[in-house]
$ cat upload35.pdb   # PDB, C-alpha atoms, pLDDT in the B column
ATOM      1  CA  MET A   1     -11.519 -27.416 -41.170  1.00 58.00           C
ATOM      2  CA  ASN A   2      -7.909 -28.534 -41.199  1.00 63.00           C
ATOM      3  CA  ARG A   3      -5.030 -28.197 -43.635  1.00 62.00           C
ATOM      4  CA  LYS A   4      -5.523 -31.638 -45.140  1.00 66.00           C
ATOM      5  CA  ASN A   5      -9.119 -31.151 -46.319  1.00 68.00           C
ATOM      6  CA  ILE A   6      -9.000 -27.499 -47.350  1.00 67.00           C
ATOM      7  CA  GLY A   7      -8.765 -28.132 -51.077  1.00 76.00           C
ATOM      8  CA  HIS A   8      -7.524 -25.021 -52.875  1.00 81.00           C
ATOM      9  CA  TYR A   9      -7.106 -21.812 -50.901  1.00 77.00           C
ATOM     10  CA  PHE A  10      -6.126 -18.665 -52.779  1.00 82.00           C
ATOM     11  CA  ASP A  11      -6.680 -15.911 -50.200  1.00 83.00           C
ATOM     12  CA  TRP A  12      -3.241 -15.926 -48.530  1.00 80.00           C
ATOM     13  CA  ALA A  13      -3.184 -12.117 -48.411  1.00 84.00           C
ATOM     14  CA  ALA A  14      -6.102 -12.129 -45.949  1.00 81.00           C
ATOM     15  CA  THR A  15      -4.897 -14.918 -43.655  1.00 83.00           C
ATOM     16  CA  SER A  16      -3.001 -18.175 -43.568  1.00 83.00           C
ATOM     17  CA  PRO A  17      -2.752 -21.169 -41.223  1.00 84.00           C
ATOM     18  CA  ALA A  18      -0.599 -20.519 -38.174  1.00 87.00           C
ATOM     19  CA  ASP A  19       2.484 -22.599 -37.471  1.00 92.00           C
ATOM     20  CA  GLU A  20       1.874 -24.983 -34.547  1.00 94.00           C
ATOM     21  CA  ASP A  21       5.093 -23.937 -32.749  1.00 94.00           C
ATOM     22  CA  ILE A  22       4.008 -20.294 -32.935  1.00 91.00           C
ATOM     23  CA  LEU A  23       0.564 -21.155 -31.588  1.00 93.00           C
ATOM     24  CA  ARG A  24       2.095 -23.113 -28.696  1.00 94.00           C
ATOM     25  CA  SER A  25       4.398 -20.234 -27.807  1.00 90.00           C
ATOM     26  CA  SER A  26       1.576 -17.705 -28.051  1.00 88.00           C
ATOM     27  CA  LEU A  27      -0.642 -19.800 -25.784  1.00 92.00           C
ATOM     28  CA  GLU A  28       2.109 -20.078 -23.172  1.00 92.00           C
ATOM     29  CA  GLU A  29       2.616 -16.302 -23.174  1.00 89.00           C
ATOM     30  CA  THR A  30      -1.125 -15.600 -23.068  1.00 88.00           C
ATOM     31  CA  LEU A  31      -1.573 -17.852 -20.054  1.00 91.00           C
ATOM     32  CA  ALA A  32       1.389 -16.261 -18.266  1.00 91.00           C
ATOM     33  CA  VAL A  33       0.650 -12.602 -19.093  1.00 91.00           C
ATOM     34  CA  TRP A  34      -3.080 -12.100 -19.539  1.00 89.00           C
ATOM     35  CA  GLY A  35      -3.628  -8.423 -18.684  1.00 91.00           C
ATOM     36  CA  ASN A  36      -5.105  -5.742 -20.894  1.00 95.00           C
ATOM     37  CA  PRO A  37      -2.110  -4.002 -22.511  1.00 94.00           C
ATOM     38  CA  SER A  38      -4.031  -0.714 -22.542  1.00 96.00           C
ATOM     39  CA  SER A  39      -4.490  -0.676 -18.757  1.00 95.00           C
ATOM     40  CA  VAL A  40      -2.289   1.331 -16.397  1.00 95.00           C
ATOM     41  CA  HIS A  41      -2.028  -1.283 -13.633  1.00 95.00           C
ATOM     42  CA  SER A  42       1.014  -3.547 -13.269  1.00 95.00           C
ATOM     43  CA  VAL A  43      -0.577  -6.538 -15.036  1.00 94.00           C
ATOM     44  CA  GLY A  44      -1.507  -4.305 -17.971  1.00 95.00           C
ATOM     45  CA  LYS A  45       1.971  -2.803 -18.108  1.00 96.00           C
ATOM     46  CA  GLU A  46       3.491  -6.286 -18.175  1.00 94.00           C
ATOM     47  CA  ALA A  47       1.151  -7.242 -21.020  1.00 94.00           C
ATOM     48  CA  ARG A  48       2.053  -4.026 -22.881  1.00 95.00           C
ATOM     49  CA  ALA A  49       5.773  -4.772 -22.547  1.00 95.00           C
ATOM     50  CA  LEU A  50       5.285  -8.299 -23.869  1.00 91.00           C
ATOM     51  CA  LEU A  51       3.166  -7.033 -26.755  1.00 91.00           C
ATOM     52  CA  GLU A  52       5.708  -4.394 -27.711  1.00 94.00           C
ATOM     53  CA  SER A  53       8.577  -6.885 -27.582  1.00 91.00           C
ATOM     54  CA  ALA A  54       6.608  -9.225 -29.862  1.00 85.00           C
ATOM     55  CA  ARG A  55       6.108  -6.476 -32.427  1.00 85.00           C
TER      56      ARG A  55
END

$ encode --input "upload35.pdb" --output "structure tokens"
Amino acid sequence: MNRKNIGHYFDWAATSPADEDILRSSLEETLAVWGNPSSVHSVGKEARALLESAR
């Protein structure tokens, strides 16, 4: 389903379509820093730092 054929959508409190620029940026970051942010190894710590800076 895309934005053009959605008709009427009234549940914006639950979710809404993501902006394409935000999705692009998120994909770039996910591909660059893919570790589990709950892990204690260096990849996880890098992911945790990125997650915290995004919040």

$ closest_residue --input "upload35.pdb" --among "A:Ala54, A:Arg24, A:Ala49, A:Trp12" --to "Asn36 (chain A)" --atoms "only C-alpha atoms"
A:Ala49

$ atom_distance --input "upload35.pdb" --atom1 "CA of Arg48 (chain A)" --atom2 "CA of Thr30 (chain A)"
12.0 Å

$ resolve_selection --input "upload35.pdb" --expression "the PyMOL selection byres ((chain A and resi 50) around 12)" --output "PyMOL selection string"
chain A and resi 26+29-30+32-37+43-49+51-55

$ atom_distance --input "upload35.pdb" --atom1 "CA of Tyr9 (chain A)" --atom2 "CA of Leu23 (chain A)"
20.8 Å

$ axis_aligned_box --input "upload35.pdb" --around "region 8-25 of chain A" --padding-each-side "3 Å" --output "lines of an AutoDock Vina configuration file"
center_x = -1.2
center_y = -18.6
center_z = -40.3
size_x = 18.6
size_y = 18.9
size_z = 31.1
